[in-house]
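What follows is my_file20.txt (compact mmCIF, C-alpha atoms).
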```
# COMPACT_ATOMS: atom_id res chain seq x y z
CA MET A 1 2.59 4.58 -17.11
CA SER A 2 2.32 4.01 -13.41
CA THR A 3 0.47 2.12 -10.77
CA ILE A 4 -1.14 5.39 -9.67
CA ASP A 5 -2.70 5.68 -13.13
CA LEU A 6 -4.04 2.16 -12.76
CA ILE A 7 -5.41 2.82 -9.26
CA VAL A 8 -7.22 6.02 -10.31
CA LEU A 9 -8.57 4.53 -13.54
CA GLY A 10 -9.69 1.40 -11.67
CA ILE A 11 -11.57 3.41 -9.05
CA LEU A 12 -13.24 5.55 -11.74
CA ARG A 13 -14.10 2.45 -13.75
CA LYS A 14 -16.49 1.51 -10.94
CA ASP A 15 -17.97 4.94 -10.21
CA SER A 16 -17.76 8.61 -11.21
CA LEU A 17 -16.09 10.49 -8.37
CA SER A 18 -14.43 13.76 -7.45
CA ALA A 19 -10.68 13.80 -6.77
CA TYR A 20 -11.51 14.13 -3.06
CA ASP A 21 -13.74 11.02 -3.23
CA ILE A 22 -11.00 9.10 -5.09
CA GLN A 23 -8.59 10.03 -2.30
CA LYS A 24 -11.14 8.86 0.31
CA GLN A 25 -11.49 5.52 -1.55
CA VAL A 26 -7.70 5.11 -1.44
CA GLU A 27 -7.78 5.75 2.32
CA TYR A 28 -10.81 3.51 2.97
CA ARG A 29 -9.35 0.64 0.99
CA SER A 30 -5.91 1.15 2.64
CA ILE A 31 -4.35 1.27 -0.82
CA SER A 32 -1.57 3.59 0.33
CA GLN A 33 -0.28 0.82 2.62
CA TRP A 34 0.63 -1.41 -0.30
CA VAL A 35 1.16 1.07 -3.17
CA LYS A 36 3.11 4.30 -2.88
CA ILE A 37 0.35 6.84 -3.45
CA SER A 38 -0.16 10.16 -1.71
CA THR A 39 -3.03 12.65 -1.61
CA PRO A 40 -1.18 15.25 -3.74
CA SER A 41 -0.28 12.56 -6.30
CA ILE A 42 -3.96 11.65 -6.69
CA TYR A 43 -4.99 15.23 -7.44
CA LYS A 44 -2.06 15.67 -9.84
CA LYS A 45 -2.82 12.33 -11.53
CA VAL A 46 -6.49 13.21 -12.06
CA LEU A 47 -5.47 16.38 -13.92
CA GLN A 48 -2.90 14.47 -16.01
CA LEU A 49 -5.38 11.72 -16.92
CA GLU A 50 -7.96 14.31 -17.95
CA GLU A 51 -5.35 16.12 -20.06
CA LYS A 52 -4.54 12.82 -21.82
CA GLY A 53 -8.24 12.20 -22.51
CA PHE A 54 -8.53 9.10 -20.30
CA ILE A 55 -11.07 10.74 -18.00
CA ARG A 56 -13.47 13.66 -18.31
CA SER A 57 -14.88 15.98 -15.70
CA GLN A 58 -18.36 17.30 -15.20
CA MET A 59 -19.09 20.15 -12.82
CA ILE A 60 -21.78 19.16 -10.32
CA ARG A 61 -23.43 21.11 -7.51
CA GLU A 62 -25.07 19.30 -4.62
CA GLY A 63 -27.46 21.50 -2.64
CA LYS A 64 -25.79 24.67 -1.44
CA MET A 65 -22.30 23.19 -1.69
CA PRO A 66 -19.86 24.73 -4.17
CA GLU A 67 -19.49 23.09 -7.56
CA LYS A 68 -17.06 20.21 -7.79
CA ALA A 69 -15.55 18.30 -10.68
CA VAL A 70 -16.72 14.70 -10.89
CA TYR A 71 -14.58 12.46 -13.09
CA SER A 72 -15.54 9.49 -15.22
CA LEU A 73 -13.70 7.21 -17.62
CA THR A 74 -13.72 7.87 -21.33
CA ASP A 75 -13.56 5.09 -23.92
CA ALA A 76 -9.82 5.84 -24.20
CA GLY A 77 -9.61 5.54 -20.40
CA GLU A 78 -11.26 2.11 -20.53
CA MET A 79 -8.70 0.99 -23.09
CA GLU A 80 -5.82 2.48 -21.06
CA PHE A 81 -7.08 0.72 -17.90
CA GLU A 82 -7.07 -2.65 -19.69
CA ARG A 83 -3.68 -1.94 -21.28
CA LEU A 84 -2.13 -1.08 -17.90
CA MET A 85 -3.67 -4.17 -16.29
CA LEU A 86 -1.99 -6.37 -18.91
CA ILE A 87 1.36 -4.56 -18.86
CA ILE A 88 1.71 -4.26 -15.09
CA SER A 89 0.53 -7.82 -14.42
CA ASP A 90 3.31 -9.07 -16.73
CA LYS A 91 6.13 -7.20 -14.94
CA PRO A 92 8.50 -8.97 -12.55
CA VAL A 93 7.17 -8.92 -8.99
CA ASN A 94 9.26 -6.66 -6.77
CA ILE A 95 8.74 -6.21 -3.07
CA PHE A 96 10.18 -2.94 -1.89
CA LEU A 97 10.24 -2.49 1.87
CA ASP A 98 11.75 0.76 3.11
CA PHE A 99 13.20 -0.92 6.19
CA ASN A 100 15.44 -3.06 3.94
CA ALA A 101 17.71 0.00 3.77
CA VAL A 102 18.20 -0.48 7.52
CA ILE A 103 18.64 -4.25 7.20
CA VAL A 104 21.50 -4.02 4.69
CA ASN A 105 23.34 -1.70 7.06
CA LEU A 106 22.76 -3.53 10.36
CA ASP A 107 26.29 -4.97 10.38
CA SER A 108 27.62 -1.40 10.51
CA LEU A 109 26.09 -0.80 13.93
CA PRO A 110 27.22 -1.89 17.37
CA PRO A 111 25.14 -4.81 18.73
CA ASP A 112 23.02 -2.67 21.08
CA LYS A 113 21.98 -0.26 18.29
CA ARG A 114 21.49 -3.17 15.89
CA SER A 115 19.12 -4.73 18.42
CA PHE A 116 17.34 -1.39 18.85
CA CYS A 117 16.76 -1.14 15.07
CA LEU A 118 15.37 -4.69 15.01
CA ASP A 119 13.10 -3.75 17.95
CA ASN A 120 11.84 -0.74 15.99
CA ILE A 121 11.11 -2.81 12.88
CA GLU A 122 9.46 -5.52 14.95
CA HIS A 123 7.29 -2.92 16.70
CA GLN A 124 6.18 -1.42 13.39
CA VAL A 125 5.45 -4.86 11.90
CA THR A 126 3.44 -5.78 15.00
CA ILE A 127 1.37 -2.61 14.57
CA LEU A 128 0.87 -3.45 10.89
CA ARG A 129 -0.15 -7.04 11.65
CA SER A 130 -2.60 -5.87 14.32
CA HIS A 131 -4.10 -3.33 11.90
CA LEU A 132 -4.40 -6.01 9.22
CA GLU A 133 -6.05 -8.48 11.61
CA GLU A 134 -8.60 -5.85 12.59
CA ASN A 135 -9.19 -4.84 8.97
CA ILE A 136 -9.61 -8.45 7.80
CA HIS A 137 -12.00 -9.18 10.68
CA GLN A 138 -14.10 -6.07 9.90
CA LYS A 139 -14.24 -6.76 6.19
CA ASP A 140 -15.20 -10.43 6.68
CA TYR A 141 -18.66 -9.20 7.65
CA ILE A 142 -19.15 -6.72 4.81
CA SER A 143 -20.56 -8.55 1.81
CA LYS A 144 -19.77 -5.85 -0.77
CA ILE A 145 -16.00 -6.02 -0.17
CA PRO A 146 -14.51 -7.82 -3.19
CA GLN A 147 -12.56 -11.01 -2.55
CA THR A 148 -9.59 -9.43 -4.31
CA ALA A 149 -9.43 -6.75 -1.59
CA ILE A 150 -9.56 -9.42 1.13
CA ALA A 151 -6.82 -11.34 -0.72
CA ILE A 152 -4.52 -8.29 -0.62
CA LEU A 153 -5.08 -7.90 3.12
CA GLN A 154 -4.34 -11.60 3.63
CA GLN A 155 -1.21 -11.31 1.50
CA GLN A 156 0.02 -8.39 3.60
CA TYR A 157 -0.80 -10.31 6.80
CA ILE A 158 1.26 -13.31 5.67
CA LEU A 159 4.14 -10.97 4.80
CA ALA A 160 3.97 -9.38 8.28
CA GLN A 161 4.06 -12.84 9.90
CA THR A 162 7.03 -13.82 7.74
CA ILE A 163 8.94 -10.66 8.71
CA GLU A 164 8.23 -11.35 12.40
CA ALA A 165 9.55 -14.91 12.01
CA TRP A 166 12.62 -13.56 10.20
CA ILE A 167 13.32 -11.09 13.03
CA THR A 168 13.10 -13.92 15.58
CA LYS A 169 15.54 -16.01 13.51
CA MET A 170 17.89 -13.04 13.10
CA ARG A 171 17.93 -12.48 16.86
CA GLU A 172 18.66 -16.17 17.45
CA GLN A 173 21.56 -16.05 14.98
CA ASN A 174 22.95 -12.89 16.59
CA SER A 175 22.63 -14.51 20.01
CA SER A 176 24.53 -17.64 18.92
CA VAL A 177 27.25 -15.52 17.26
CA LYS A 178 27.76 -13.62 20.55
CA LYS A 179 28.16 -16.92 22.42
CA GLU A 180 30.76 -18.16 19.92
CA LEU A 181 32.91 -15.03 20.00
CA PRO A 182 36.03 -15.37 22.18
CA HIS A 183 35.89 -13.16 25.24
CA SER A 184 38.87 -10.94 25.90
CA SER A 185 40.47 -11.25 29.31
```

Encoding of this model in structure tokens:
Amino acid sequence: MSTIDLIVLGILRKDSLSAYDIQKQVEYRSISQWVKISTPSIYKKVLQLEEKGFIRSQMIREGKMPEKAVYSLTDAGEMEFERLMLIISDKPVNIFLDFNAVIVNLDSLPPDKRSFCLDNIEHQVTILRSHLEENIHQKDYISKIPQTAIAILQQQYILAQTIEAWITKMREQNSSVKKELPHSS
């Protein structure tokens, strides 16, 4: 059981697609920014879900293009989708941010390198926030974007703002600690 299963089943619940088209949906919807999911994992997952009987493939040829497998949900896949929705929604909420590995080790660096790491994180969060602002603005004008997708973007935007505020506070605390330290003569 994994969130990748749920993502793939959820996408196929709405439309029959090839593995390539599933991967394009993940990219278009920016799913990989908030769930760890890679292109190879999508292709691997599609094969696993078919093997388990949750999805089935049908070979389709469009024009002169080579045949491709198009996947759709089976009845068992519908049941598995609903089961995963209930199970995963009832799990404790964890927020894993890769840069937290840097944060827990900041005290082990000299102040200049500590500041450099905070600058790097702040830069990346600024890029993320800018991307989210643009994405939210673009999707505000597209009527077929579900409100749940907009809600996820807004959630990520609020998180980015909170991290920026935290970095500012951390810098202020570091600055006041430097002022309080006795200077050697």

Taking all atoms listed in the file into account, name the residue in A:Thr3, A:Gln58, A:Ser30, A:Gln173 that is nearest to Ser16 in chain A.
A:Gln58

Selected residue, from A:Ile22, A:Lys113, A:Gly10, A:Trp34, that lies nearest to Phe96 in chain A when counting only C-alpha atoms:
A:Trp34

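Residues within 10 Å of Ser2 in chain A, counting all atoms listed in the file and excluding same-chain residues fewer than 6 positions away, are A:Lys45, A:Leu84, A:Ile88.
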
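CA of Trp166 in chain A is positioned 14.8 Å from CA of Arg114 in chain A.
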
Would you mind listing what lies within 12 Å of Ile4 in chain A as a short mmCIF file (atom, residue, chain, number, x, y, z; two decimals) with C-alpha atoms, in the coordinates of the input, with all atoms listed in the file counted and same-chain residues fewer than 4 positions away left out?
```cif
data_model
loop_
_atom_site.label_atom_id
_atom_site.label_comp_id
_atom_site.auth_asym_id
_atom_site.auth_seq_id
_atom_site.Cartn_x
_atom_site.Cartn_y
_atom_site.Cartn_z
CA VAL A 8 -7.22 6.02 -10.31
CA LEU A 9 -8.57 4.53 -13.54
CA GLY A 10 -9.69 1.40 -11.67
CA ILE A 11 -11.57 3.41 -9.05
CA ILE A 22 -11.00 9.10 -5.09
CA GLN A 23 -8.59 10.03 -2.30
CA VAL A 26 -7.70 5.11 -1.44
CA ILE A 31 -4.35 1.27 -0.82
CA SER A 32 -1.57 3.59 0.33
CA TRP A 34 0.63 -1.41 -0.30
CA VAL A 35 1.16 1.07 -3.17
CA LYS A 36 3.11 4.30 -2.88
CA ILE A 37 0.35 6.84 -3.45
CA SER A 38 -0.16 10.16 -1.71
CA THR A 39 -3.03 12.65 -1.61
CA PRO A 40 -1.18 15.25 -3.74
CA SER A 41 -0.28 12.56 -6.30
CA ILE A 42 -3.96 11.65 -6.69
CA TYR A 43 -4.99 15.23 -7.44
CA LYS A 44 -2.06 15.67 -9.84
CA LYS A 45 -2.82 12.33 -11.53
CA VAL A 46 -6.49 13.21 -12.06
CA GLN A 48 -2.90 14.47 -16.01
CA LEU A 49 -5.38 11.72 -16.92
CA PHE A 81 -7.08 0.72 -17.90
CA LEU A 84 -2.13 -1.08 -17.90
CA MET A 85 -3.67 -4.17 -16.29
CA ILE A 88 1.71 -4.26 -15.09
#
```

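CA of Glu67 in chain A to CA of Ser18 in chain A spans 10.6 Å [interatomic distance, one decimal].
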
Quote the spacing between CA of Asn105 in chain A and CA of Gln156 in chain A in Å to one decimal place.
24.5 Å

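Once range 143-150 of chain A and its same-chain neighbours fewer than 5 positions away are set aside, A:Arg29, A:Ile136, A:Gln155 remain within 9 Å of it when counting all atoms listed in the file.
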
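The closest residue to Met170 in chain A, picked from A:Asp5, A:Glu27, A:Asp119, A:Glu50 and counting only C-alpha atoms, is A:Asp119.
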
Pick from A:Leu86, A:Leu12, A:Ile103, A:Ala19, whichever lies nearest to Ser115 in chain A using only C-alpha atoms
A:Ile103

I'd like the contact shell of Val102 in chain A - 12 Å cut-off, all atoms listed in the file, skipping same-chain residues fewer than 5 positions apart - returned as a list of chain:residue names.
A:Leu97, A:Asp107, A:Ser108, A:Leu109, A:Lys113, A:Arg114, A:Ser115, A:Phe116, A:Cys117, A:Leu118, A:Asn120, A:Ile121

Min atom-atom distance to Ile158 in chain A from the set A:Arg129, A:His137, A:Ile55, A:Arg171, counting only C-alpha atoms, belongs to A:Arg129
